[in-house]
Amino acid sequence: MLRLAWARSQSTSRSTIKSGFTYDLFRLEKTTTSQHERGIGHTPVALRKLHSVFCLRTPHSRLSTTWKASFSMASGGEVTSSPPASPVKQSNRLAEERSPYLLQHAYNPVDWYPWGQDAFDKAKKENKPIFLSVGYSTCHWCHVMERESFEDAEIGKILSDNFVCIKVDREERPDVDKVYMAFVQATSGGGGWPMSVWLTPDLRPFIGGTYFPPKDSGLRPGFKTILTRITEQWRRNRRTLESSGERVIAALKKSNAIAASADDIPPPAITVAKRCFLQLANSYEEEYGGFNDSPKFPSPVNLMFLMTFWAKNRSSTEGAEALQMTLHTLRKMALGGIHDHVGQGFHRYSTDSSWHIPHFEKMLYDQAQLAVAYITAFQVSGEQFFADVARDVLLYVSRDLSDKSGGFYSAEDADSLPTAESSEKKEGAFCVWTAGDIRSLLGEPAEGATGGATKADIFMQHYGVKEQGNVEPEKDPHGELQGQNVLIVRYSVELTAARFGLSVEKVKEVLAAGREKLAQVRKGRPPPHLDTKMLSSWNGLMLSGFARAGAVLGDRALLERAEKAAQFLRDQLWDEAGQRLLHACYRGEEMQVEQIASPIPGFLDDYAFVVCGLLDLYEATLSPRWLQWAEELQLQQDALFWDSKGSGYFSTDPSDPTMLLALKQDQDGAEPSANSVAALSLLRLSHYTGKQEWAHRSLQLLTAFADRLIKVPIALPDMVRGLMAHHYALKQVVICGEPDAEDTARLITCVNSLFLPHKVLMLADGDADGFLYQRLPVLSSLRPLEGKATAHVCHNFTCALPVTSPEELKRLLKE
């Protein structure tokens, strides 16, 4: 009989269940050892009595686990299998798909189906359970499970003969991923990718897990064993399996019922914000910054909240602490190995507490949010260092993640071939260096350095390069990084200069030239896989990154790149006829943008993130066409996803019969919750359009999430920012002047130089027929003073005297 028991680490989410799958499979115990980025699932008390599923994971899932297992194997029905197949690979039906992840599995000896009616019909017709495998193309452990299990002919035969096998790209179908991830998290306490779930033919899950090794190892069951036992239980105890799944889904529906009644009110903003700050401060790691010890994730949502908290608490010790936590974390991340010092941009997360050894994949959504966080840190601190890092991120995205159409690609893989002659990919191979590499590339003497030091000596000292490699064995469990170095800034430029008796400027030159040489060498290495899928949601986030940075830096090239991205979204991912946003498009073999025959309709994330990006783009360019499209998209978002009974937005279309759960995402994780983003966007739009119903809708949304905000605001720091915006009210900053005039530009530059988390900026250019004047007739009464560009600052229905100088405007804005 299988029993699962574990001790959970501290979590920001609600309680999970202790559950077991009550069949003669094997006996297991697991102990949680660390919390992963996306947090732990949540489950009502009613589910605690269920013994319905098991979930096996490795330390590379979201929740690391240590396993102890003792087998008590049941005898019984045999599972069909066959000897290994011929080495000649034949394609399966995934070869017809456009998702890079599905195409990676197009030559597996598995009868894969994409998610769709054909697979559902087959399962019902043949009375077979469904094996659902969810991952993404740059997922390291998805690659591992493919090599070990899905490319194995015997396992492929077992899967194909006994299950209807469905492969899903979690980035292409986040709706499917969220529903079944909720099941896995709720029944196990954690989740991750690859996600493996077994479903009934009517799509109800009954067993879930993540990565499985192919064979039994010690007391740990392998994938083949698990498939065998599930097949036996499907034949012998199918009704029990089905009823277990039904009870779990029913309980999940109840537990995920986030709603508000008509007489409810939002939670108190000051109390919630302070509690969020205290919860973050409690988890803050002082030496290297960040939250928790390891693994460490960038968590931009936390950092943006802390800077917003500081902006409203500047004179308090808590405000000062919030700022210190933020700037220290951002600085340590930028100096660490999670930051690619040669190729720019940031890796996914750090496996250690010092931001040194990363998980090497690079995700678009990380670059987008970090660009905003670093440029905001520049506004707050005035330190050029943070602006330079923001530019660094945008340089990487412009060079490596940009399509000629204006869209942004999704991700770059962690794994690559070490050399062109290699046959096996290794994680980080594209990014790491031996000491010998550095010495051969930078071996010339450094003129004027003490002791005849070479440029390699200076570079190695500064970036922590060691002869034997600087990766500790415990951070390299598979030996892929043995003898290699991950560059990390160990000393300041000043200390490095003092060590070699050189000027700071000379050392900067040596380091910059060294990085450039290493970059040239990298160009000759086999590159990691690039996921060229282009998603509306992540493009919306990246649109904000370019727009916000371009506005703060006054960089026209960045603003033009932002506008090109917005035009891409309009041209390629907006269905004009159907007035619907589409979720994804793809790069074709001829570098053209392609769409699948039945495009995937946009989800809530797509609408919310694009609307926010367009609002940021309007404030950066003051071009009203982007504001007008944001209004159109918000109207569609409301029509498609708003819960008219309980308030808040559903993540997916609630009328979709294939989605068992109508979820409202209640956690800001690697990406902010779309509801969090919408809470602030609705308030901003109400000021731009005069539609007070949107401000009211924002309050309704916040009220629906009141319980979560009160108890664990650390789970929704981005939504706390929206709550704070209502409490403090948005300042309306209206610049009256000619769009291209120098005095208008000076006032706009003044506004952009400051971090003003609760403001809307608009340009009154005198165009009475324009979008803003049509929505806000009051603008017609505003005039420039004495022919000069003039700023009007209004707050809580009270306007200050108009000003014409940047100095006076800055004083007003800081009040």
# chains A, B, ... in the order shown; residues from 1 in each chain; ligands from 1
$ residues_around --residues "range 93-101 of chain A" --least-positions-apart "5" --cutoff "12 Å" --atoms "only C-alpha atoms" --output "mmCIF file with N, CA, C and O atoms, in the first residue's frame"
data_model
loop_
_atom_site.group_PDB
_atom_site.id
_atom_site.type_symbol
_atom_site.label_atom_id
_atom_site.label_comp_id
_atom_site.auth_asym_id
_atom_site.auth_seq_id
_atom_site.Cartn_x
_atom_site.Cartn_y
_atom_site.Cartn_z
ATOM 1 N N ALA A 106 9.067 14.977 -31.586
ATOM 2 C CA ALA A 106 8.426 14.475 -32.805
ATOM 3 C C ALA A 106 9.004 13.147 -33.274
ATOM 4 O O ALA A 106 8.395 12.467 -34.105
ATOM 5 N N TYR A 107 10.177 12.748 -32.772
ATOM 6 C CA TYR A 107 10.787 11.478 -33.182
ATOM 7 C C TYR A 107 10.923 10.506 -32.023
ATOM 8 O O TYR A 107 11.661 9.535 -32.102
ATOM 9 N N ASN A 108 10.189 10.762 -30.937
ATOM 10 C CA ASN A 108 10.133 9.777 -29.850
ATOM 11 C C ASN A 108 9.388 8.533 -30.321
ATOM 12 O O ASN A 108 8.438 8.641 -31.102
ATOM 13 N N PRO A 109 9.753 7.362 -29.837
ATOM 14 C CA PRO A 109 8.979 6.149 -30.134
ATOM 15 C C PRO A 109 7.740 6.056 -29.241
ATOM 16 O O PRO A 109 7.460 5.026 -28.614
ATOM 17 N N VAL A 110 7.024 7.158 -29.138
ATOM 18 C CA VAL A 110 5.801 7.256 -28.344
ATOM 19 C C VAL A 110 4.710 7.783 -29.271
ATOM 20 O O VAL A 110 4.954 8.684 -30.074
ATOM 21 N N ASP A 111 3.528 7.219 -29.151
ATOM 22 C CA ASP A 111 2.413 7.639 -29.989
ATOM 23 C C ASP A 111 1.795 8.911 -29.410
ATOM 24 O O ASP A 111 0.673 8.924 -28.913
ATOM 25 N N TRP A 112 2.565 10.005 -29.482
ATOM 26 C CA TRP A 112 2.124 11.271 -28.890
ATOM 27 C C TRP A 112 0.971 11.899 -29.659
ATOM 28 O O TRP A 112 0.933 11.867 -30.876
ATOM 29 N N TYR A 113 0.084 12.517 -28.923
ATOM 30 C CA TYR A 113 -0.945 13.387 -29.460
ATOM 31 C C TYR A 113 -0.721 14.790 -28.904
ATOM 32 O O TYR A 113 -0.292 14.932 -27.761
ATOM 33 N N PRO A 114 -1.045 15.830 -29.657
ATOM 34 C CA PRO A 114 -1.157 17.145 -29.040
ATOM 35 C C PRO A 114 -2.467 17.210 -28.266
ATOM 36 O O PRO A 114 -3.364 16.377 -28.462
ATOM 37 N N TRP A 115 -2.585 18.183 -27.386
ATOM 38 C CA TRP A 115 -3.836 18.378 -26.649
ATOM 39 C C TRP A 115 -4.947 18.698 -27.641
ATOM 40 O O TRP A 115 -4.836 19.613 -28.443
ATOM 41 N N ASP A 118 -8.969 14.845 -30.840
ATOM 42 C CA ASP A 118 -8.581 13.528 -31.362
ATOM 43 C C ASP A 118 -8.096 12.617 -30.235
ATOM 44 O O ASP A 118 -8.455 11.437 -30.175
ATOM 45 N N ALA A 119 -7.278 13.170 -29.361
ATOM 46 C CA ALA A 119 -6.766 12.370 -28.242
ATOM 47 C C ALA A 119 -7.892 12.018 -27.270
ATOM 48 O O ALA A 119 -7.974 10.874 -26.782
ATOM 49 N N SER A 133 1.879 14.699 -20.393
ATOM 50 C CA SER A 133 3.233 15.153 -20.093
ATOM 51 C C SER A 133 3.357 16.610 -20.494
ATOM 52 O O SER A 133 3.156 16.965 -21.652
ATOM 53 N N VAL A 134 3.692 17.468 -19.520
ATOM 54 C CA VAL A 134 3.762 18.911 -19.748
ATOM 55 C C VAL A 134 5.178 19.401 -19.472
ATOM 56 O O VAL A 134 5.778 19.055 -18.451
ATOM 57 N N GLY A 135 5.709 20.197 -20.379
ATOM 58 C CA GLY A 135 7.036 20.768 -20.186
ATOM 59 C C GLY A 135 7.221 21.961 -21.083
ATOM 60 O O GLY A 135 6.259 22.545 -21.575
ATOM 61 N N TYR A 136 8.469 22.325 -21.321
ATOM 62 C CA TYR A 136 8.763 23.425 -22.229
ATOM 63 C C TYR A 136 10.146 23.210 -22.820
ATOM 64 O O TYR A 136 10.950 22.438 -22.292
ATOM 65 N N SER A 137 10.443 23.876 -23.900
ATOM 66 C CA SER A 137 11.580 23.480 -24.732
ATOM 67 C C SER A 137 12.935 23.771 -24.103
ATOM 68 O O SER A 137 13.933 23.173 -24.502
ATOM 69 N N THR A 138 13.012 24.691 -23.138
ATOM 70 C CA THR A 138 14.295 24.992 -22.505
ATOM 71 C C THR A 138 14.384 24.425 -21.097
ATOM 72 O O THR A 138 15.197 24.862 -20.290
ATOM 73 N N CYS A 139 13.555 23.449 -20.799
ATOM 74 C CA CYS A 139 13.505 22.825 -19.468
ATOM 75 C C CYS A 139 14.537 21.707 -19.393
ATOM 76 O O CYS A 139 14.437 20.701 -20.094
ATOM 77 N N HIS A 140 15.546 21.871 -18.525
ATOM 78 C CA HIS A 140 16.639 20.905 -18.426
ATOM 79 C C HIS A 140 16.129 19.511 -18.069
ATOM 80 O O HIS A 140 16.501 18.523 -18.708
ATOM 81 N N CYS A 142 13.166 18.326 -18.371
ATOM 82 C CA CYS A 142 12.329 17.777 -19.450
ATOM 83 C C CYS A 142 13.218 17.045 -20.450
ATOM 84 O O CYS A 142 12.878 15.957 -20.948
ATOM 85 N N HIS A 143 14.384 17.636 -20.754
ATOM 86 C CA HIS A 143 15.333 16.982 -21.659
ATOM 87 C C HIS A 143 15.814 15.655 -21.063
ATOM 88 O O HIS A 143 15.947 14.654 -21.771
ATOM 89 N N GLU A 146 13.170 13.023 -21.336
ATOM 90 C CA GLU A 146 13.030 12.588 -22.721
ATOM 91 C C GLU A 146 14.131 11.596 -23.083
ATOM 92 O O GLU A 146 13.858 10.518 -23.632
ATOM 93 N N CYS A 165 -1.306 9.089 -25.050
ATOM 94 C CA CYS A 165 -0.220 9.959 -24.583
ATOM 95 C C CYS A 165 -0.353 11.355 -25.195
ATOM 96 O O CYS A 165 -0.371 11.504 -26.418
ATOM 97 N N ILE A 166 -0.439 12.343 -24.358
ATOM 98 C CA ILE A 166 -0.603 13.730 -24.795
ATOM 99 C C ILE A 166 0.590 14.543 -24.311
ATOM 100 O O ILE A 166 0.936 14.517 -23.139
ATOM 101 N N LYS A 167 1.190 15.268 -25.221
ATOM 102 C CA LYS A 167 2.318 16.138 -24.901
ATOM 103 C C LYS A 167 1.856 17.591 -25.019
ATOM 104 O O LYS A 167 1.269 17.984 -26.023
ATOM 105 N N VAL A 168 2.145 18.392 -23.990
ATOM 106 C CA VAL A 168 1.711 19.789 -23.943
ATOM 107 C C VAL A 168 2.893 20.690 -23.637
ATOM 108 O O VAL A 168 3.692 20.405 -22.742
ATOM 109 N N ASP A 169 2.995 21.769 -24.391
ATOM 110 C CA ASP A 169 3.944 22.842 -24.114
ATOM 111 C C ASP A 169 3.271 23.768 -23.117
ATOM 112 O O ASP A 169 2.268 24.412 -23.437
ATOM 113 N N ARG A 170 3.807 23.864 -21.916
ATOM 114 C CA ARG A 170 3.128 24.644 -20.877
ATOM 115 C C ARG A 170 3.088 26.132 -21.232
ATOM 116 O O ARG A 170 2.233 26.864 -20.729
ATOM 117 N N GLU A 171 3.994 26.585 -22.084
ATOM 118 C CA GLU A 171 3.985 27.985 -22.499
ATOM 119 C C GLU A 171 2.959 28.231 -23.597
ATOM 120 O O GLU A 171 2.403 29.319 -23.697
ATOM 121 N N GLU A 172 2.706 27.206 -24.395
ATOM 122 C CA GLU A 172 1.713 27.317 -25.457
ATOM 123 C C GLU A 172 0.305 27.139 -24.901
ATOM 124 O O GLU A 172 -0.646 27.777 -25.360
ATOM 125 N N ARG A 173 0.160 26.256 -23.899
ATOM 126 C CA ARG A 173 -1.144 25.998 -23.292
ATOM 127 C C ARG A 173 -1.066 26.179 -21.767
ATOM 128 O O ARG A 173 -1.153 25.224 -20.997
ATOM 129 N N PRO A 194 9.495 18.494 -15.832
ATOM 130 C CA PRO A 194 8.303 18.004 -16.523
ATOM 131 C C PRO A 194 7.219 17.599 -15.537
ATOM 132 O O PRO A 194 7.517 17.058 -14.476
ATOM 133 N N TYR A 409 11.362 36.387 -28.752
ATOM 134 C CA TYR A 409 11.340 34.943 -28.546
ATOM 135 C C TYR A 409 11.218 34.620 -27.058
ATOM 136 O O TYR A 409 11.492 35.457 -26.199
ATOM 137 N N SER A 410 10.883 33.376 -26.782
ATOM 138 C CA SER A 410 10.517 33.002 -25.417
ATOM 139 C C SER A 410 11.698 32.695 -24.506
ATOM 140 O O SER A 410 11.690 33.084 -23.336
ATOM 141 N N ALA A 411 12.709 31.989 -25.007
ATOM 142 C CA ALA A 411 13.732 31.511 -24.071
ATOM 143 C C ALA A 411 14.949 30.957 -24.786
ATOM 144 O O ALA A 411 14.892 30.617 -25.975
ATOM 145 N N GLU A 412 16.022 30.852 -24.027
ATOM 146 C CA GLU A 412 17.255 30.229 -24.492
ATOM 147 C C GLU A 412 17.585 29.098 -23.520
ATOM 148 O O GLU A 412 17.503 29.267 -22.307
ATOM 149 N N ASP A 413 17.971 27.962 -24.055
ATOM 150 C CA ASP A 413 18.138 26.747 -23.259
ATOM 151 C C ASP A 413 19.364 26.809 -22.355
ATOM 152 O O ASP A 413 20.301 27.573 -22.600
ATOM 153 N N HIS A 529 19.786 25.801 -27.656
ATOM 154 C CA HIS A 529 18.510 25.860 -28.370
ATOM 155 C C HIS A 529 17.780 27.156 -28.042
ATOM 156 O O HIS A 529 17.756 27.611 -26.894
ATOM 157 N N LEU A 530 17.190 27.769 -29.047
ATOM 158 C CA LEU A 530 16.416 28.991 -28.895
ATOM 159 C C LEU A 530 14.946 28.681 -29.148
ATOM 160 O O LEU A 530 14.592 28.171 -30.214
ATOM 161 N N ASP A 531 14.101 28.960 -28.167
ATOM 162 C CA ASP A 531 12.664 28.762 -28.340
ATOM 163 C C ASP A 531 12.109 30.007 -29.017
ATOM 164 O O ASP A 531 11.977 31.061 -28.394
ATOM 165 N N THR A 532 11.802 29.882 -30.299
ATOM 166 C CA THR A 532 11.383 31.030 -31.104
ATOM 167 C C THR A 532 9.871 31.269 -31.087
ATOM 168 O O THR A 532 9.363 32.065 -31.875
ATOM 169 N N LYS A 533 9.193 30.568 -30.220
ATOM 170 C CA LYS A 533 7.770 30.836 -30.037
ATOM 171 C C LYS A 533 7.610 32.248 -29.466
ATOM 172 O O LYS A 533 8.352 32.672 -28.591
ATOM 173 N N MET A 534 6.626 33.006 -29.956
ATOM 174 C CA MET A 534 6.404 34.381 -29.500
ATOM 175 C C MET A 534 5.031 34.470 -28.851
ATOM 176 O O MET A 534 4.019 34.198 -29.496
ATOM 177 N N LEU A 535 5.005 34.807 -27.578
ATOM 178 C CA LEU A 535 3.792 34.818 -26.773
ATOM 179 C C LEU A 535 3.330 36.247 -26.512
ATOM 180 O O LEU A 535 4.139 37.119 -26.188
ATOM 181 N N ALA A 584 -0.202 33.016 -29.254
ATOM 182 C CA ALA A 584 1.151 32.697 -29.713
ATOM 183 C C ALA A 584 1.248 32.752 -31.224
ATOM 184 O O ALA A 584 0.258 32.580 -31.950
ATOM 185 N N CYS A 585 2.461 32.992 -31.704
ATOM 186 C CA CYS A 585 2.809 32.779 -33.103
ATOM 187 C C CYS A 585 4.233 32.249 -33.145
ATOM 188 O O CYS A 585 4.894 32.148 -32.100
ATOM 189 N N TYR A 586 4.718 31.910 -34.329
ATOM 190 C CA TYR A 586 5.933 31.119 -34.435
ATOM 191 C C TYR A 586 6.833 31.632 -35.556
ATOM 192 O O TYR A 586 6.360 32.267 -36.499
ATOM 193 N N ARG A 587 8.128 31.328 -35.440
ATOM 194 C CA ARG A 587 9.054 31.672 -36.515
ATOM 195 C C ARG A 587 9.146 30.510 -37.483
ATOM 196 O O ARG A 587 9.401 29.375 -37.095
ATOM 197 N N GLY A 588 8.937 30.808 -38.742
ATOM 198 C CA GLY A 588 8.989 29.761 -39.755
ATOM 199 C C GLY A 588 10.400 29.474 -40.215
ATOM 200 O O GLY A 588 11.367 30.130 -39.805
ATOM 201 N N GLU A 589 10.538 28.490 -41.071
ATOM 202 C CA GLU A 589 11.853 28.078 -41.567
ATOM 203 C C GLU A 589 12.525 29.169 -42.381
ATOM 204 O O GLU A 589 13.756 29.219 -42.465
ATOM 205 N N VAL A 593 7.036 35.056 -39.814
ATOM 206 C CA VAL A 593 6.114 34.761 -38.718
ATOM 207 C C VAL A 593 5.013 33.851 -39.236
ATOM 208 O O VAL A 593 4.426 34.109 -40.286
ATOM 209 N N GLU A 594 4.747 32.779 -38.500
ATOM 210 C CA GLU A 594 3.718 31.827 -38.897
ATOM 211 C C GLU A 594 2.685 31.671 -37.791
ATOM 212 O O GLU A 594 2.961 31.887 -36.618
ATOM 213 N N GLN A 595 1.502 31.233 -38.199
ATOM 214 C CA GLN A 595 0.432 30.949 -37.257
ATOM 215 C C GLN A 595 -0.089 29.552 -37.554
ATOM 216 O O GLN A 595 -0.006 29.072 -38.687
ATOM 217 N N ILE A 596 -0.581 28.868 -36.537
ATOM 218 C CA ILE A 596 -1.143 27.542 -36.742
ATOM 219 C C ILE A 596 -2.543 27.652 -37.327
ATOM 220 O O ILE A 596 -3.159 28.727 -37.315
ATOM 221 N N ALA A 597 -3.048 26.541 -37.853
ATOM 222 C CA ALA A 597 -4.336 26.551 -38.551
ATOM 223 C C ALA A 597 -5.465 27.040 -37.651
ATOM 224 O O ALA A 597 -6.348 27.782 -38.080
ATOM 225 N N SER A 598 -5.450 26.598 -36.394
ATOM 226 C CA SER A 598 -6.458 27.047 -35.422
ATOM 227 C C SER A 598 -5.723 27.778 -34.303
ATOM 228 O O SER A 598 -5.302 27.169 -33.316
ATOM 229 N N PRO A 599 -5.531 29.076 -34.454
ATOM 230 C CA PRO A 599 -4.754 29.831 -33.467
ATOM 231 C C PRO A 599 -5.328 29.712 -32.057
ATOM 232 O O PRO A 599 -6.551 29.610 -31.878
ATOM 233 N N ILE A 600 -4.450 29.724 -31.081
ATOM 234 C CA ILE A 600 -4.863 29.623 -29.684
ATOM 235 C C ILE A 600 -5.357 30.999 -29.227
ATOM 236 O O ILE A 600 -4.613 31.974 -29.290
#
$ select_by_dssp --residues "range 259-456 of chain A" --states "strand (DSSP E)" --output "PDB file with C-alpha atoms, in the first residue's frame"
ATOM      1  CA  TYR A 349      17.912  31.292 -10.958  1.00  0.00           C
ATOM      2  CA  SER A 350      20.869  30.552  -8.698  1.00  0.00           C
ATOM      3  CA  PRO A 358      22.937  29.476 -12.074  1.00  0.00           C
ATOM      4  CA  HIS A 359      20.464  27.260 -13.768  1.00  0.00           C
ATOM      5  CA  LYS A 362      17.309  32.467 -19.929  1.00  0.00           C
ATOM      6  CA  MET A 363      13.627  33.348 -19.982  1.00  0.00           C
ATOM      7  CA  ALA A 411      13.732  31.511 -24.071  1.00  0.00           C
ATOM      8  CA  GLU A 412      17.255  30.229 -24.492  1.00  0.00           C
ATOM      9  CA  ASP A 415      21.966  22.861 -22.313  1.00  0.00           C
ATOM     10  CA  SER A 416      24.257  22.886 -25.336  1.00  0.00           C
ATOM     11  CA  LYS A 426      25.739  19.681 -21.033  1.00  0.00           C
ATOM     12  CA  GLU A 427      24.162  22.349 -18.906  1.00  0.00           C
TER      13      GLU A 427
END
$ closest_residue --among "A:Trp433, A:Phe546, A:Phe650, A:Tyr463" --to "Thr621 in chain A" --atoms "only C-alpha atoms"
A:Phe546
$ closest_residue --among "A:Ala377, A:Val507, A:Ala789, A:Ala371" --to "Ser492 in chain A" --atoms "only C-alpha atoms"
A:Val507
$ residues_around --residues "range 123-128 of chain A" --least-positions-apart "5" --cutoff "9 Å" --atoms "only C-alpha atoms" --output "PyMOL selection string"
chain A and resi 118+162-164+200-202+234
$ write_last_selection --atoms "all heavy atoms" --output "PDB file, in the first residue's frame"
ATOM      1  N   ASP A 118      -8.969  14.845 -30.840  1.00  0.00           N
ATOM      2  CA  ASP A 118      -8.581  13.528 -31.362  1.00  0.00           C
ATOM      3  C   ASP A 118      -8.096  12.617 -30.235  1.00  0.00           C
ATOM      4  O   ASP A 118      -8.455  11.437 -30.175  1.00  0.00           O
ATOM      5  CB  ASP A 118      -7.480  13.677 -32.411  1.00  0.00           C
ATOM      6  CG  ASP A 118      -7.991  14.255 -33.720  1.00  0.00           C
ATOM      7  OD1 ASP A 118      -9.225  14.359 -33.875  1.00  0.00           O
ATOM      8  OD2 ASP A 118      -7.160  14.606 -34.575  1.00  0.00           O
ATOM      9  N   ASN A 162      -0.756   1.237 -23.657  1.00  0.00           N
ATOM     10  CA  ASN A 162      -1.612   1.244 -22.478  1.00  0.00           C
ATOM     11  C   ASN A 162      -2.220   2.601 -22.135  1.00  0.00           C
ATOM     12  O   ASN A 162      -3.090   2.678 -21.270  1.00  0.00           O
ATOM     13  CB  ASN A 162      -0.820   0.741 -21.268  1.00  0.00           C
ATOM     14  CG  ASN A 162      -0.339  -0.686 -21.452  1.00  0.00           C
ATOM     15  OD1 ASN A 162      -1.102  -1.635 -21.302  1.00  0.00           O
ATOM     16  ND2 ASN A 162       0.936  -0.838 -21.804  1.00  0.00           N
ATOM     17  N   PHE A 163      -1.775   3.643 -22.808  1.00  0.00           N
ATOM     18  CA  PHE A 163      -2.266   4.988 -22.512  1.00  0.00           C
ATOM     19  C   PHE A 163      -2.473   5.759 -23.813  1.00  0.00           C
ATOM     20  O   PHE A 163      -1.877   5.433 -24.843  1.00  0.00           O
ATOM     21  CB  PHE A 163      -1.261   5.763 -21.638  1.00  0.00           C
ATOM     22  CG  PHE A 163      -0.895   5.076 -20.360  1.00  0.00           C
ATOM     23  CD1 PHE A 163       0.213   4.221 -20.299  1.00  0.00           C
ATOM     24  CD2 PHE A 163      -1.652   5.267 -19.203  1.00  0.00           C
ATOM     25  CE1 PHE A 163       0.545   3.581 -19.128  1.00  0.00           C
ATOM     26  CE2 PHE A 163      -1.313   4.636 -18.023  1.00  0.00           C
ATOM     27  CZ  PHE A 163      -0.210   3.782 -17.977  1.00  0.00           C
ATOM     28  N   VAL A 164      -3.282   6.767 -23.740  1.00  0.00           N
ATOM     29  CA  VAL A 164      -3.315   7.782 -24.789  1.00  0.00           C
ATOM     30  C   VAL A 164      -2.381   8.881 -24.314  1.00  0.00           C
ATOM     31  O   VAL A 164      -2.626   9.519 -23.289  1.00  0.00           O
ATOM     32  CB  VAL A 164      -4.731   8.318 -25.024  1.00  0.00           C
ATOM     33  CG1 VAL A 164      -4.704   9.481 -26.024  1.00  0.00           C
ATOM     34  CG2 VAL A 164      -5.639   7.207 -25.530  1.00  0.00           C
ATOM     35  N   THR A 200      -8.366  10.311 -16.441  1.00  0.00           N
ATOM     36  CA  THR A 200      -9.420   9.469 -17.001  1.00  0.00           C
ATOM     37  C   THR A 200      -9.751   9.981 -18.400  1.00  0.00           C
ATOM     38  O   THR A 200      -9.364  11.095 -18.771  1.00  0.00           O
ATOM     39  CB  THR A 200     -10.675   9.533 -16.119  1.00  0.00           C
ATOM     40  OG1 THR A 200     -11.178  10.879 -16.135  1.00  0.00           O
ATOM     41  CG2 THR A 200     -10.368   9.122 -14.685  1.00  0.00           C
ATOM     42  N   PRO A 201     -10.478   9.224 -19.189  1.00  0.00           N
ATOM     43  CA  PRO A 201     -10.829   9.702 -20.536  1.00  0.00           C
ATOM     44  C   PRO A 201     -11.630  11.001 -20.528  1.00  0.00           C
ATOM     45  O   PRO A 201     -11.640  11.716 -21.532  1.00  0.00           O
ATOM     46  CB  PRO A 201     -11.648   8.540 -21.116  1.00  0.00           C
ATOM     47  CG  PRO A 201     -11.103   7.326 -20.426  1.00  0.00           C
ATOM     48  CD  PRO A 201     -10.832   7.791 -19.013  1.00  0.00           C
ATOM     49  N   ASP A 202     -12.284  11.332 -19.406  1.00  0.00           N
ATOM     50  CA  ASP A 202     -13.004  12.611 -19.337  1.00  0.00           C
ATOM     51  C   ASP A 202     -12.138  13.698 -18.700  1.00  0.00           C
ATOM     52  O   ASP A 202     -12.653  14.704 -18.204  1.00  0.00           O
ATOM     53  CB  ASP A 202     -14.342  12.464 -18.605  1.00  0.00           C
ATOM     54  CG  ASP A 202     -14.178  11.981 -17.174  1.00  0.00           C
ATOM     55  OD1 ASP A 202     -13.026  11.713 -16.754  1.00  0.00           O
ATOM     56  OD2 ASP A 202     -15.196  11.885 -16.467  1.00  0.00           O
ATOM     57  N   TRP A 234      -5.609   0.467 -13.185  1.00  0.00           N
ATOM     58  CA  TRP A 234      -6.663   0.905 -14.089  1.00  0.00           C
ATOM     59  C   TRP A 234      -7.556  -0.264 -14.464  1.00  0.00           C
ATOM     60  O   TRP A 234      -8.771  -0.116 -14.577  1.00  0.00           O
ATOM     61  CB  TRP A 234      -6.051   1.543 -15.338  1.00  0.00           C
ATOM     62  CG  TRP A 234      -7.063   2.044 -16.327  1.00  0.00           C
ATOM     63  CD1 TRP A 234      -7.433   1.463 -17.504  1.00  0.00           C
ATOM     64  CD2 TRP A 234      -7.857   3.229 -16.202  1.00  0.00           C
ATOM     65  NE1 TRP A 234      -8.393   2.210 -18.132  1.00  0.00           N
ATOM     66  CE2 TRP A 234      -8.668   3.314 -17.360  1.00  0.00           C
ATOM     67  CE3 TRP A 234      -7.951   4.227 -15.243  1.00  0.00           C
ATOM     68  CZ2 TRP A 234      -9.575   4.356 -17.564  1.00  0.00           C
ATOM     69  CZ3 TRP A 234      -8.840   5.275 -15.452  1.00  0.00           C
ATOM     70  CH2 TRP A 234      -9.644   5.323 -16.602  1.00  0.00           C
TER      71      TRP A 234
END
$ closest_residue --among "A:Ser544, A:Gly218, A:Lys312, A:Leu776" --to "Ala269 in chain A" --atoms "only C-alpha atoms"
A:Lys312
$ residues_around --residues "Leu303 in chain A" --least-positions-apart "4" --cutoff "8 Å" --atoms "only C-alpha atoms" --output "compact mmCIF listing (two decimals) with all heavy atoms, in the first residue's frame"
# COMPACT_ATOMS: atom_id res chain seq x y z
N SER A 299 12.84 37.15 -8.40
CA SER A 299 11.64 37.68 -7.73
C SER A 299 11.46 39.19 -7.91
O SER A 299 11.37 39.93 -6.92
CB SER A 299 11.67 37.34 -6.23
OG SER A 299 11.78 35.97 -6.03
N MET A 307 10.31 48.73 -3.37
CA MET A 307 10.59 50.11 -3.79
C MET A 307 9.33 50.98 -3.69
O MET A 307 9.42 52.17 -3.34
CB MET A 307 11.18 50.12 -5.20
CG MET A 307 12.63 49.65 -5.23
SD MET A 307 13.46 49.86 -6.83
CE MET A 307 12.88 48.40 -7.71
N THR A 326 16.31 45.99 -1.27
CA THR A 326 16.15 45.97 -2.73
C THR A 326 17.46 46.23 -3.45
O THR A 326 17.87 45.47 -4.33
CB THR A 326 15.12 47.04 -3.15
OG1 THR A 326 13.89 46.79 -2.48
CG2 THR A 326 14.91 47.00 -4.64
N ALA A 373 12.91 46.46 -13.00
CA ALA A 373 13.42 46.58 -11.63
C ALA A 373 14.71 47.39 -11.58
O ALA A 373 14.88 48.26 -10.71
CB ALA A 373 13.63 45.19 -11.03
